[in-house]
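Structure data (PDB, C-alpha atoms and all ligand atoms) from structure36.pdb:
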ATOM      1  CA  MET V 279     -82.919 -59.504  46.842
ATOM      2  CA  LYS V 280     -79.280 -58.498  46.484
ATOM      3  CA  CYS V 281     -77.861 -54.970  46.608
ATOM      4  CA  LYS V 282     -77.051 -55.055  42.900
ATOM      5  CA  GLN V 283     -80.641 -55.907  42.049
ATOM      6  CA  PHE V 284     -81.862 -53.221  44.413
ATOM      7  CA  LEU V 285     -79.776 -50.667  42.563
ATOM      8  CA  GLN V 286     -81.182 -51.741  39.219
ATOM      9  CA  GLU V 287     -84.713 -51.228  40.437
ATOM     10  CA  LEU V 288     -84.000 -48.014  42.327
ATOM     11  CA  THR V 289     -85.152 -45.666  39.585
ATOM     12  CA  ASN V 290     -88.381 -47.560  39.013
ATOM     13  CA  TYR V 291     -88.956 -47.598  42.752
ATOM     14  CA  LEU V 292     -88.422 -43.857  43.105
ATOM     15  CA  ASP V 293     -90.787 -43.284  40.202
ATOM     16  CA  GLY V 294     -93.425 -45.563  41.699
ATOM     17  CA  ALA V 295     -93.260 -47.785  38.633
ATOM     18  CA  LEU V 296     -92.806 -51.209  40.235
ATOM     19  CA  ASP V 297     -95.255 -54.068  40.485
ATOM     20  CA  ALA V 298     -96.440 -54.774  44.016
ATOM     21  CA  ARG V 299     -94.325 -57.885  44.447
ATOM     22  CA  THR V 300     -90.978 -56.344  43.426
ATOM     23  CA  GLN V 301     -91.791 -53.316  45.505
ATOM     24  CA  SER V 302     -92.351 -55.321  48.664
ATOM     25  CA  GLU V 303     -89.145 -57.304  48.066
ATOM     26  CA  LEU V 304     -87.316 -54.061  47.708
ATOM     27  CA  GLU V 305     -88.825 -52.586  50.838
ATOM     28  CA  GLU V 306     -87.915 -55.745  52.735
ATOM     29  CA  HIS V 307     -84.316 -55.276  51.578
ATOM     30  CA  LEU V 308     -84.363 -51.698  52.828
ATOM     31  CA  THR V 309     -85.341 -52.777  56.328
ATOM     32  CA  TRP V 310     -82.076 -54.570  56.943
ATOM     33  CA  CYS V 311     -79.524 -53.236  54.420
ATOM     34  CA  HIS V 312     -78.121 -50.005  55.760
ATOM     35  CA  ASP V 313     -76.091 -49.120  52.650
ATOM     36  CA  CYS V 314     -79.024 -49.409  50.286
ATOM     37  CA  HIS V 315     -81.171 -47.517  52.749
ATOM     38  CA  VAL V 316     -78.709 -44.619  52.643
ATOM     39  CA  VAL V 317     -78.371 -44.778  48.866
ATOM     40  CA  HIS V 318     -82.151 -44.704  48.453
ATOM     41  CA  ASP V 319     -82.596 -41.892  50.923
ATOM     42  CA  THR V 320     -79.832 -39.680  49.556
ATOM     43  CA  THR V 321     -80.784 -40.302  45.920
ATOM     44  CA  LYS V 322     -84.292 -39.162  46.726
ATOM     45  CA  LYS V 323     -82.872 -36.076  48.439
ATOM     46  CA  THR V 324     -80.646 -35.396  45.434
ATOM     47  CA  ILE V 325     -83.678 -35.293  43.160
ATOM     48  CA  GLU V 326     -85.627 -33.097  45.562
ATOM     49  CA  ILE V 327     -82.764 -30.654  46.022
ATOM     50  CA  TYR V 328     -82.398 -30.163  42.273
ATOM     51  CA  ARG V 329     -86.121 -29.922  41.754
ATOM     52  CA  ASP V 330     -86.529 -27.317  44.493
ATOM     53  CA  SER V 331     -83.418 -25.368  43.588
ATOM     54  CA  LYS V 332     -84.045 -22.195  41.660
ATOM     55  CA  LEU V 333     -81.239 -22.913  39.228
ATOM     56  CA  TYR V 334     -81.407 -20.912  36.032
ATOM     57  CA  GLU V 335     -84.562 -18.996  36.810
ATOM     58  CA  LEU V 336     -85.522 -16.713  33.961
ATOM     59  CA  PRO V 337     -85.669 -13.147  35.302
ATOM     60  CA  VAL V 338     -88.949 -11.367  34.511
ATOM     61  CA  GLU V 339     -87.296  -8.521  32.586
ATOM     62  CA  LEU V 340     -85.269 -10.918  30.472
ATOM     63  CA  ALA V 341     -88.407 -12.953  29.815
ATOM     64  CA  SER V 342     -90.273  -9.966  28.406
ATOM     65  CA  LYS V 343     -87.233  -8.922  26.384
ATOM     66  CA  LEU V 344     -86.939 -12.398  24.870
ATOM     67  CA  ARG V 345     -90.675 -12.669  24.285
ATOM     68  CA  ALA V 346     -90.721  -9.337  22.449
ATOM     69  CA  ALA V 347     -87.782 -10.441  20.300
ATOM     70  CA  ILE V 348     -89.442 -13.774  19.545
ATOM     71  CA  MET V 349     -92.763 -12.234  18.535
ATOM     72  CA  ASP V 350     -90.936  -9.670  16.426
ATOM     73  CA  LYS V 351     -89.104 -12.380  14.513
ATOM     74  CA  CYS V 352     -92.274 -14.431  14.186
ATOM     75  CA  ARG V 353     -94.180 -11.556  12.615
ATOM     76  CA  GLY V 354     -91.172 -10.838  10.418
ATOM     77  CA  SER V 355     -91.067 -14.396   9.150
ATOM     78  CA  LYS V 356     -94.734 -14.148   8.190
ATOM     79  CA  LYS V 357     -94.201 -11.277   5.736
ATOM     80  CA  SER V 358     -92.172 -13.403   3.355
ATOM     81  CA  PRO V 359     -94.288 -15.300   0.832
ATOM     82  CA  CYS V 360     -95.431 -18.730   1.903
ATOM     83  CA  SER V 361     -94.343 -20.416  -1.291
ATOM     84  CA  GLY V 362     -91.521 -19.891  -3.744
ATOM     85  CA  ALA V 363     -87.753 -19.911  -3.634
ATOM     86  CA  ALA V 364     -87.310 -16.974  -1.265
ATOM     87  CA  SER V 365     -89.157 -18.496   1.664
ATOM     88  CA  ALA V 366     -87.753 -21.928   0.966
ATOM     89  CA  SER V 367     -84.226 -20.685   1.477
ATOM     90  CA  VAL V 368     -85.208 -18.959   4.710
ATOM     91  CA  THR V 369     -86.692 -22.076   6.259
ATOM     92  CA  SER V 370     -84.303 -24.638   4.841
ATOM     93  CA  GLU V 371     -81.768 -24.232   7.644
ATOM     94  CA  ALA V 372     -84.546 -25.029  10.095
ATOM     95  CA  GLU V 373     -85.787 -28.055   8.207
ATOM     96  CA  ASP V 374     -82.956 -30.533   8.603
ATOM     97  CA  GLU V 375     -82.833 -30.473  12.391
ATOM     98  CA  LEU V 376     -86.557 -30.425  12.945
ATOM     99  CA  PRO V 377     -88.344 -33.689  13.608
ATOM    100  CA  GLU V 378     -91.063 -34.634  11.135
ATOM    101  CA  GLY V 379     -94.489 -34.212  12.666
ATOM    102  CA  ASP V 380     -94.743 -35.737  16.102
ATOM    103  CA  ALA V 381     -93.169 -39.070  15.339
ATOM    104  CA  PRO V 382     -89.469 -39.586  15.927
ATOM    105  CA  PRO V 383     -87.582 -39.208  12.649
ATOM    106  CA  GLN V 384     -86.535 -42.378  10.905
ATOM    107  CA  HIS V 385     -82.968 -41.460  10.078
ATOM    108  CA  SER V 386     -80.279 -43.878  11.198
ATOM    109  CA  HIS V 387     -76.984 -43.167  12.887
TER     110      HIS V 387
ATOM    111  CA  MET Y 911     -93.012 -44.366  51.062
ATOM    112  CA  GLY Y 912     -90.435 -44.359  48.304
ATOM    113  CA  ALA Y 913     -91.975 -42.602  45.348
ATOM    114  CA  ILE Y 914     -91.368 -38.965  44.557
ATOM    115  CA  GLN Y 915     -94.357 -36.816  43.720
ATOM    116  CA  PRO Y 916     -94.999 -36.139  40.031
ATOM    117  CA  ILE Y 917     -95.157 -32.532  38.843
ATOM    118  CA  VAL Y 918     -98.611 -31.455  37.749
ATOM    119  CA  THR Y 919     -98.811 -29.485  34.518
ATOM    120  CA  GLY Y 920    -101.697 -27.465  33.128
ATOM    121  CA  PRO Y 921    -104.622 -29.069  31.298
ATOM    122  CA  ALA Y 922    -103.660 -30.391  27.875
ATOM    123  CA  SER Y 923    -106.915 -29.283  26.236
ATOM    124  CA  GLU Y 924    -106.173 -25.642  26.998
ATOM    125  CA  GLU Y 925    -102.745 -26.013  25.445
ATOM    126  CA  LEU Y 926    -104.236 -27.607  22.360
ATOM    127  CA  ALA Y 927    -106.736 -24.773  21.965
ATOM    128  CA  LEU Y 928    -103.881 -22.262  21.999
ATOM    129  CA  VAL Y 929    -101.974 -24.298  19.424
ATOM    130  CA  HIS Y 930    -105.037 -24.413  17.164
ATOM    131  CA  ALA Y 931    -105.540 -20.677  17.438
ATOM    132  CA  ALA Y 932    -101.859 -20.025  16.724
ATOM    133  CA  LYS Y 933    -102.016 -22.304  13.688
ATOM    134  CA  GLY Y 934    -104.927 -20.201  12.474
ATOM    135  CA  GLY Y 935    -102.744 -17.092  12.612
ATOM    136  CA  ASP Y 936    -103.559 -15.848  16.104
ATOM    137  CA  ASP Y 937    -100.218 -14.427  17.263
ATOM    138  CA  ALA Y 938    -101.574 -13.599  20.710
ATOM    139  CA  ALA Y 939    -102.231 -17.307  21.224
ATOM    140  CA  PHE Y 940     -98.664 -18.132  20.244
ATOM    141  CA  GLU Y 941     -97.389 -15.426  22.572
ATOM    142  CA  GLU Y 942     -99.333 -17.097  25.370
ATOM    143  CA  LEU Y 943     -97.540 -20.375  24.588
ATOM    144  CA  VAL Y 944     -94.228 -18.515  24.782
ATOM    145  CA  ARG Y 945     -95.234 -17.035  28.127
ATOM    146  CA  ARG Y 946     -96.236 -20.439  29.359
ATOM    147  CA  TYR Y 947     -93.034 -22.284  28.499
ATOM    148  CA  ASP Y 948     -90.189 -19.755  28.215
ATOM    149  CA  ARG Y 949     -88.978 -20.459  31.752
ATOM    150  CA  ASN Y 950     -88.830 -24.190  31.106
ATOM    151  CA  VAL Y 951     -87.017 -23.825  27.799
ATOM    152  CA  PHE Y 952     -84.547 -21.378  29.351
ATOM    153  CA  ARG Y 953     -83.818 -23.744  32.226
ATOM    154  CA  ILE Y 954     -83.369 -26.764  29.982
ATOM    155  CA  ALA Y 955     -81.148 -24.837  27.561
ATOM    156  CA  ASN Y 956     -79.014 -23.508  30.392
ATOM    157  CA  HIS Y 957     -78.564 -26.960  31.850
ATOM    158  CA  ILE Y 958     -77.478 -28.394  28.517
ATOM    159  CA  THR Y 959     -75.271 -25.570  27.248
ATOM    160  CA  GLN Y 960     -74.045 -24.350  30.651
ATOM    161  CA  ASN Y 961     -73.901 -20.929  29.066
ATOM    162  CA  ARG Y 962     -76.395 -18.154  29.603
ATOM    163  CA  GLU Y 963     -76.012 -16.383  26.258
ATOM    164  CA  ASP Y 964     -76.419 -19.663  24.440
ATOM    165  CA  ALA Y 965     -79.523 -20.360  26.503
ATOM    166  CA  GLU Y 966     -81.036 -17.016  25.519
ATOM    167  CA  ASP Y 967     -80.352 -17.820  21.867
ATOM    168  CA  VAL Y 968     -81.885 -21.262  22.239
ATOM    169  CA  VAL Y 969     -85.091 -19.819  23.707
ATOM    170  CA  GLN Y 970     -85.491 -17.488  20.740
ATOM    171  CA  GLU Y 971     -84.540 -20.012  18.081
ATOM    172  CA  ALA Y 972     -86.663 -22.791  19.515
ATOM    173  CA  PHE Y 973     -89.827 -20.698  19.659
ATOM    174  CA  LEU Y 974     -89.195 -19.253  16.214
ATOM    175  CA  LYS Y 975     -88.766 -22.728  14.780
ATOM    176  CA  ALA Y 976     -91.899 -23.911  16.511
ATOM    177  CA  TYR Y 977     -93.788 -20.938  15.095
ATOM    178  CA  ARG Y 978     -92.573 -21.531  11.553
ATOM    179  CA  ASN Y 979     -93.325 -25.219  11.720
ATOM    180  CA  LEU Y 980     -96.622 -25.218  13.603
ATOM    181  CA  ASP Y 981     -98.275 -26.834  10.586
ATOM    182  CA  ARG Y 982     -96.072 -29.852  11.086
ATOM    183  CA  PHE Y 983     -97.180 -30.320  14.662
ATOM    184  CA  GLN Y 984     -99.948 -32.881  14.441
ATOM    185  CA  GLY Y 985    -101.022 -33.142  18.037
ATOM    186  CA  ASN Y 986    -100.014 -36.765  18.604
ATOM    187  CA  SER Y 987     -97.788 -35.616  21.423
ATOM    188  CA  LYS Y 988     -98.071 -32.620  23.704
ATOM    189  CA  PHE Y 989     -96.998 -29.292  22.226
ATOM    190  CA  TYR Y 990     -94.638 -28.881  25.171
ATOM    191  CA  THR Y 991     -92.875 -32.189  24.428
ATOM    192  CA  TRP Y 992     -92.518 -31.176  20.786
ATOM    193  CA  LEU Y 993     -91.129 -27.783  21.839
ATOM    194  CA  VAL Y 994     -88.684 -29.427  24.239
ATOM    195  CA  ARG Y 995     -87.448 -31.656  21.436
ATOM    196  CA  ILE Y 996     -86.753 -28.628  19.248
ATOM    197  CA  ALA Y 997     -85.061 -26.800  22.139
ATOM    198  CA  VAL Y 998     -82.882 -29.792  23.071
ATOM    199  CA  ASN Y 999     -81.727 -30.062  19.451
ATOM    200  CA  GLU Y1000     -80.854 -26.368  19.371
ATOM    201  CA  ALA Y1001     -79.021 -26.571  22.684
ATOM    202  CA  LEU Y1002     -77.018 -29.611  21.618
ATOM    203  CA  MET Y1003     -75.983 -27.847  18.418
ATOM    204  CA  LYS Y1004     -74.700 -24.926  20.489
ATOM    205  CA  LEU Y1005     -72.801 -27.291  22.715
ATOM    206  CA  ARG Y1006     -71.217 -29.096  19.779
ATOM    207  CA  LYS Y1007     -70.029 -25.807  18.352
ATOM    208  CA  ARG Y1008     -68.554 -24.705  21.632
ATOM    209  CA  LYS Y1009     -67.039 -27.931  22.882
ATOM    210  CA  PRO Y1010     -66.722 -30.390  20.012
ATOM    211  CA  GLU Y1011     -63.916 -32.262  21.779
ATOM    212  CA  ARG Y1012     -65.951 -32.963  24.905
ATOM    213  CA  PHE Y1013     -69.233 -33.716  23.262
ATOM    214  CA  VAL Y1014     -70.847 -37.051  23.947
ATOM    215  CA  SER Y1015     -73.664 -37.925  21.577
ATOM    216  CA  LEU Y1016     -77.042 -38.596  23.116
ATOM    217  CA  ASP Y1017     -77.420 -41.986  21.525
ATOM    218  CA  GLU Y1018     -73.929 -43.171  22.327
ATOM    219  CA  ASP Y1019     -74.152 -46.077  24.696
ATOM    220  CA  ILE Y1020     -72.153 -45.160  27.720
ATOM    221  CA  GLN Y1021     -71.121 -48.150  29.775
ATOM    222  CA  LEU Y1022     -71.965 -48.236  33.441
ATOM    223  CA  GLY Y1023     -68.962 -46.378  34.776
ATOM    224  CA  GLU Y1024     -67.411 -47.055  38.127
ATOM    225  CA  GLU Y1025     -68.793 -43.752  39.229
ATOM    226  CA  SER Y1026     -72.308 -45.128  39.056
ATOM    227  CA  VAL Y1027     -71.606 -47.767  41.643
ATOM    228  CA  PRO Y1028     -72.253 -46.180  45.017
ATOM    229  CA  ARG Y1029     -69.151 -45.890  47.124
ATOM    230  CA  GLU Y1030     -70.209 -43.168  49.485
ATOM    231  CA  VAL Y1031     -72.724 -44.612  51.903
ATOM    232  CA  ALA Y1032     -72.451 -42.112  54.727
ATOM    233  CA  ASP Y1033     -75.841 -40.662  55.584
ATOM    234  CA  TRP Y1034     -76.544 -36.990  54.971
ATOM    235  CA  SER Y1035     -77.451 -34.479  57.608
ATOM    236  CA  PRO Y1036     -81.239 -34.068  57.981
ATOM    237  CA  ASN Y1037     -81.493 -30.782  56.062
ATOM    238  CA  PRO Y1038     -78.336 -30.704  53.979
ATOM    239  CA  GLU Y1039     -79.329 -27.720  51.867
ATOM    240  CA  GLN Y1040     -79.658 -25.600  54.989
ATOM    241  CA  GLN Y1041     -75.977 -25.998  55.782
ATOM    242  CA  TYR Y1042     -75.206 -23.610  52.968
ATOM    243  CA  GLY Y1043     -76.302 -20.157  51.930
ATOM    244  CA  GLN Y1044     -78.525 -19.949  48.883
ATOM    245  CA  ALA Y1045     -75.801 -18.652  46.573
ATOM    246  CA  GLU Y1046     -73.331 -21.227  47.802
ATOM    247  CA  LEU Y1047     -75.869 -24.023  47.373
ATOM    248  CA  LYS Y1048     -76.573 -22.944  43.786
ATOM    249  CA  GLU Y1049     -72.870 -22.998  43.053
ATOM    250  CA  ILE Y1050     -72.533 -26.512  44.449
ATOM    251  CA  LEU Y1051     -75.503 -27.774  42.434
ATOM    252  CA  THR Y1052     -74.322 -26.106  39.220
ATOM    253  CA  LYS Y1053     -70.769 -27.368  39.553
ATOM    254  CA  THR Y1054     -72.004 -30.863  40.323
ATOM    255  CA  ILE Y1055     -74.373 -31.204  37.385
ATOM    256  CA  GLN Y1056     -71.799 -29.662  35.029
ATOM    257  CA  GLY Y1057     -69.589 -32.640  35.714
ATOM    258  CA  LEU Y1058     -72.066 -35.052  34.115
ATOM    259  CA  PRO Y1059     -71.847 -35.889  30.394
ATOM    260  CA  PRO Y1060     -74.464 -33.911  28.400
ATOM    261  CA  GLY Y1061     -76.484 -37.041  27.623
ATOM    262  CA  PHE Y1062     -76.880 -37.771  31.319
ATOM    263  CA  ARG Y1063     -77.669 -34.303  32.507
ATOM    264  CA  THR Y1064     -80.216 -33.771  29.752
ATOM    265  CA  VAL Y1065     -82.174 -36.860  30.800
ATOM    266  CA  PHE Y1066     -81.946 -35.865  34.458
ATOM    267  CA  VAL Y1067     -83.150 -32.332  33.801
ATOM    268  CA  LEU Y1068     -86.112 -33.394  31.676
ATOM    269  CA  ARG Y1069     -87.230 -36.157  34.038
ATOM    270  CA  ASP Y1070     -86.393 -34.875  37.480
ATOM    271  CA  VAL Y1071     -86.284 -31.105  37.183
ATOM    272  CA  GLU Y1072     -88.922 -30.483  34.508
ATOM    273  CA  GLY Y1073     -91.046 -33.456  35.494
ATOM    274  CA  LEU Y1074     -91.547 -35.008  32.052
ATOM    275  CA  SER Y1075     -92.591 -38.659  32.133
ATOM    276  CA  THR Y1076     -90.200 -41.376  30.971
ATOM    277  CA  GLU Y1077     -92.224 -41.681  27.738
ATOM    278  CA  GLU Y1078     -92.174 -37.941  27.094
ATOM    279  CA  THR Y1079     -88.439 -37.789  27.760
ATOM    280  CA  ALA Y1080     -87.840 -40.671  25.360
ATOM    281  CA  ASP Y1081     -89.984 -38.883  22.791
ATOM    282  CA  ALA Y1082     -88.238 -35.532  23.246
ATOM    283  CA  LEU Y1083     -84.750 -37.038  23.046
ATOM    284  CA  GLU Y1084     -85.509 -39.701  20.442
ATOM    285  CA  LEU Y1085     -84.198 -42.364  22.784
ATOM    286  CA  SER Y1086     -85.716 -45.705  23.700
ATOM    287  CA  ILE Y1087     -87.423 -46.038  27.061
ATOM    288  CA  PRO Y1088     -84.759 -48.436  28.434
ATOM    289  CA  ALA Y1089     -82.054 -45.962  27.348
ATOM    290  CA  VAL Y1090     -83.810 -43.149  29.221
ATOM    291  CA  LYS Y1091     -84.166 -45.326  32.307
ATOM    292  CA  SER Y1092     -80.561 -46.446  32.397
ATOM    293  CA  ARG Y1093     -79.253 -42.923  31.826
ATOM    294  CA  LEU Y1094     -81.544 -41.560  34.494
ATOM    295  CA  LEU Y1095     -80.354 -44.107  37.025
ATOM    296  CA  ARG Y1096     -76.726 -43.339  36.331
ATOM    297  CA  ALA Y1097     -77.272 -39.589  36.367
ATOM    298  CA  ARG Y1098     -79.090 -39.787  39.684
ATOM    299  CA  LEU Y1099     -76.438 -42.000  41.244
ATOM    300  CA  GLN Y1100     -73.545 -39.890  40.025
ATOM    301  CA  LEU Y1101     -75.115 -36.689  41.296
ATOM    302  CA  ARG Y1102     -75.839 -38.353  44.613
ATOM    303  CA  GLU Y1103     -72.246 -39.524  44.898
ATOM    304  CA  ARG Y1104     -70.853 -36.085  44.182
ATOM    305  CA  LEU Y1105     -73.282 -34.254  46.439
ATOM    306  CA  SER Y1106     -72.382 -36.582  49.310
ATOM    307  CA  ARG Y1107     -69.080 -34.759  49.588
ATOM    308  CA  TYR Y1108     -70.935 -31.639  50.614
ATOM    309  CA  PHE Y1109     -73.931 -33.003  52.408
ATOM    310  CA  LYS Y1110     -72.779 -35.986  54.398
ATOM    311  CA  LYS Y1111     -73.141 -35.926  58.133
ATOM    312  CA  ARG Y1112     -70.113 -34.487  59.768
ATOM    313  CA  THR Y1113     -68.631 -36.900  62.232
ATOM    314  CA  LEU Y1114     -67.840 -35.839  65.761
ATOM    315  CA  GLY Y1115     -64.714 -33.749  66.006
ATOM    316  CA  GLU Y1116     -65.013 -32.229  62.547
ATOM    317  CA  ALA Y1117     -65.282 -28.482  62.669
ATOM    318  CA  THR Y1118     -68.566 -27.033  61.526
ATOM    319  CA  SER Y1119     -66.967 -23.591  61.067
TER     320      SER Y1119
HETATM  321 ZN    ZN V1201     -78.416 -53.594  49.912
END

Let me see whether you can do it: turn the structure in this file into structure tokens.
Amino acid sequence: MKCKQFLQELTNYLDGALDARTQSELEEHLTWCHDCHVVHDTTKKTIEIYRDSKLYELPVELASKLRAAIMDKCRGSKKSPCSGAASASVTSEAEDELPEGDAPPQHSH
Amino acid sequence: MGAIQPIVTGPASEELALVHAAKGGDDAAFEELVRRYDRNVFRIANHITQNREDAEDVVQEAFLKAYRNLDRFQGNSKFYTWLVRIAVNEALMKLRKRKPERFVSLDEDIQLGEESVPREVADWSPNPEQQYGQAELKEILTKTIQGLPPGFRTVFVLRDVEGLSTEETADALELSIPAVKSRLLRARLQLRERLSRYFKKRTLGEATS
């Protein structure tokens, strides 16, 4: 296995998504290639540092403030009639960006 | 030895029960869903928009949209994945408004830049994050991820910070699985490269101040 190939498989390796044979080839490469060993090790650390970092934690007070505002708006949106022109115009801005059901939308780019 | 541990999320059946109740008009059930996922949506929105006010708006708009459109959620995917998709869309719209000139579309195919080829192969010190104070470390991590194009950092945040699977990330971003994988690889490598500047082992003679 060459370094370039190692790099291509790195993400699958880190995610544990390789077949046994590719994985053992990759691990064999790691035993003698110092550069790839470092790249693997530090990439793994990069992921762990970001995962463990408390970046953008939502403060408790802000969470309750937002939750109250959300529930307020939700109840407010319920009061308008479910059918007819009035409610249609309220929801129309939401419609175009919202994916249909669970399936990815079929529009093309 | 290589694999990173997956993040475990709550049982899906419990989530589905809440969604059913909310669909039936139970606002307390919907509020529970908000409580369950507001932190995640806030974090994702902040990572994408890099702006706290925008992130607060995204949290509100995403949940409101989910509430109004609950009927259209059919349960083929997890509610959380569906919610993330709505939130990502909202966050990207904010970003486009704020920085139209710098915006890179999610489905634009970005060629493997030189930056993705590892150049820095110096090993890191054993506990790099402990070299810095918590505030300083946060600043380094924020600055570093800000430097990535939005399409890269979004994939990285969903996969590696929020712990969505490759399939769920593809679903939430409306990208193919290979596109998610290639973006994830490049995001990881670019972050690694940039963090190496801060975390690499100091060689003898360098001051540790
Ligand atoms: Zn190598």

- Task: List, as a ChimeraX atom specification, every residue that the PyMOL selection byres (((not hetatm)) within 12 of (chain V and resi 1201)) selects in the file provided.
- Result: /V:279-288,303-318 /Y:1028,1031

- Message: Starting from the PyMOL selection byres ((chain Y) within 8 of (chain V and not hetatm)), expand the selection into actual residues of this file and give them as an NGL selection string.
- Response: :Y and (912-914 or 937 or 941 or 944-945 or 948-949 or 952-953 or 956-957 or 966 or 969-970 or 973-975 or 977-978 or 982-987 or 992 or 996 or 999 or 1028 or 1031-1034 or 1039 or 1048 or 1051-1052 or 1070-1072 or 1081 or 1084 or 1091 or 1094-1095 or 1098-1099 or 1101-1102 or 1105)

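With CA of Ile1087 (chain Y) on one side and CA of Ile958 (chain Y) on the other, the separation reads 20.3 Å.
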
- Query: With only C-alpha atoms as the atoms that count, which of Y:Val968, Y:Leu1058, Y:Val998, Y:Val1027 lies nearest to Thr1079 (chain Y)?
  - Reply: Y:Val998

- Query: In Å to one decimal, how far is CA of Ile954 (chain Y) from CA of Gln1040 (chain Y)?
  - Reply: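 So the answer is 25.3 Å.
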
- On this structure, which residues satisfy the PyMOL selection byres (((chain Y and resi 930) around 12) and not hetatm), written as a PyMOL selection string? chain Y and resi 923-929+931-940+943+977+980-981+983-985+989

- Message: So the first atom is CA of Lys1110 (chain Y) and the second is CA of Glu1046 (chain Y); what is the distance between them in Å, to one decimal place?
- Response: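 Interatomic distance here is 16.2 Å.
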
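Among Y:Tyr947, Y:Pro1038, Y:Arg1096, Y:Ser1086, the residue with the shortest atom-to-atom distance to Phe1066 (chain Y), counting all atoms listed in the file, is Y:Arg1096.
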
- Excluding region 1000-1009 of chain Y and any residue of its chain fewer than 4 positions from it, enumerate the residues within 8 Å of it, using only C-alpha atoms, and give them as a PyMOL selection string. chain Y and resi 955+958-959+964-965+968+971-972+996+1013

Restore N, CA, C and O atoms in region 1062-1075 of chain Y and list the result as a PDB file, keeping the file's coordinate frame.
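Result saved to result33.pdb:
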ATOM      1  N   PHE Y1062     -76.345 -37.443  29.998  1.00  0.00           N
ATOM      2  CA  PHE Y1062     -76.880 -37.771  31.319  1.00  0.00           C
ATOM      3  C   PHE Y1062     -77.639 -36.600  31.913  1.00  0.00           C
ATOM      4  O   PHE Y1062     -78.724 -36.740  32.431  1.00  0.00           O
ATOM      5  N   ARG Y1063     -77.010 -35.427  31.836  1.00  0.00           N
ATOM      6  CA  ARG Y1063     -77.669 -34.303  32.507  1.00  0.00           C
ATOM      7  C   ARG Y1063     -78.942 -33.887  31.786  1.00  0.00           C
ATOM      8  O   ARG Y1063     -79.885 -33.421  32.416  1.00  0.00           O
ATOM      9  N   THR Y1064     -78.994 -34.106  30.483  1.00  0.00           N
ATOM     10  CA  THR Y1064     -80.216 -33.771  29.752  1.00  0.00           C
ATOM     11  C   THR Y1064     -81.373 -34.651  30.216  1.00  0.00           C
ATOM     12  O   THR Y1064     -82.467 -34.168  30.484  1.00  0.00           O
ATOM     13  N   VAL Y1065     -81.123 -35.948  30.329  1.00  0.00           N
ATOM     14  CA  VAL Y1065     -82.174 -36.860  30.800  1.00  0.00           C
ATOM     15  C   VAL Y1065     -82.602 -36.489  32.221  1.00  0.00           C
ATOM     16  O   VAL Y1065     -83.792 -36.408  32.532  1.00  0.00           O
ATOM     17  N   PHE Y1066     -81.632 -36.213  33.073  1.00  0.00           N
ATOM     18  CA  PHE Y1066     -81.946 -35.865  34.458  1.00  0.00           C
ATOM     19  C   PHE Y1066     -82.801 -34.601  34.531  1.00  0.00           C
ATOM     20  O   PHE Y1066     -83.791 -34.543  35.267  1.00  0.00           O
ATOM     21  N   VAL Y1067     -82.424 -33.606  33.760  1.00  0.00           N
ATOM     22  CA  VAL Y1067     -83.150 -32.332  33.801  1.00  0.00           C
ATOM     23  C   VAL Y1067     -84.587 -32.501  33.294  1.00  0.00           C
ATOM     24  O   VAL Y1067     -85.528 -32.023  33.920  1.00  0.00           O
ATOM     25  N   LEU Y1068     -84.760 -33.219  32.202  1.00  0.00           N
ATOM     26  CA  LEU Y1068     -86.112 -33.394  31.676  1.00  0.00           C
ATOM     27  C   LEU Y1068     -86.980 -34.196  32.638  1.00  0.00           C
ATOM     28  O   LEU Y1068     -88.119 -33.835  32.918  1.00  0.00           O
ATOM     29  N   ARG Y1069     -86.437 -35.291  33.160  1.00  0.00           N
ATOM     30  CA  ARG Y1069     -87.230 -36.157  34.038  1.00  0.00           C
ATOM     31  C   ARG Y1069     -87.415 -35.554  35.429  1.00  0.00           C
ATOM     32  O   ARG Y1069     -88.532 -35.427  35.901  1.00  0.00           O
ATOM     33  N   ASP Y1070     -86.311 -35.208  36.056  1.00  0.00           N
ATOM     34  CA  ASP Y1070     -86.393 -34.875  37.480  1.00  0.00           C
ATOM     35  C   ASP Y1070     -86.570 -33.396  37.775  1.00  0.00           C
ATOM     36  O   ASP Y1070     -87.111 -33.044  38.818  1.00  0.00           O
ATOM     37  N   VAL Y1071     -86.093 -32.529  36.915  1.00  0.00           N
ATOM     38  CA  VAL Y1071     -86.284 -31.105  37.183  1.00  0.00           C
ATOM     39  C   VAL Y1071     -87.557 -30.609  36.504  1.00  0.00           C
ATOM     40  O   VAL Y1071     -88.390 -29.970  37.123  1.00  0.00           O
ATOM     41  N   GLU Y1072     -87.741 -30.949  35.240  1.00  0.00           N
ATOM     42  CA  GLU Y1072     -88.922 -30.483  34.508  1.00  0.00           C
ATOM     43  C   GLU Y1072     -90.143 -31.379  34.706  1.00  0.00           C
ATOM     44  O   GLU Y1072     -91.255 -31.001  34.366  1.00  0.00           O
ATOM     45  N   GLY Y1073     -89.922 -32.587  35.182  1.00  0.00           N
ATOM     46  CA  GLY Y1073     -91.046 -33.456  35.494  1.00  0.00           C
ATOM     47  C   GLY Y1073     -91.709 -34.130  34.299  1.00  0.00           C
ATOM     48  O   GLY Y1073     -92.862 -34.554  34.380  1.00  0.00           O
ATOM     49  N   LEU Y1074     -91.002 -34.244  33.170  1.00  0.00           N
ATOM     50  CA  LEU Y1074     -91.547 -35.008  32.052  1.00  0.00           C
ATOM     51  C   LEU Y1074     -91.599 -36.491  32.435  1.00  0.00           C
ATOM     52  O   LEU Y1074     -90.777 -36.959  33.216  1.00  0.00           O
ATOM     53  N   SER Y1075     -92.538 -37.227  31.872  1.00  0.00           N
ATOM     54  CA  SER Y1075     -92.591 -38.659  32.133  1.00  0.00           C
ATOM     55  C   SER Y1075     -91.461 -39.348  31.358  1.00  0.00           C
ATOM     56  O   SER Y1075     -90.833 -38.737  30.485  1.00  0.00           O
TER      57      SER Y1075
END
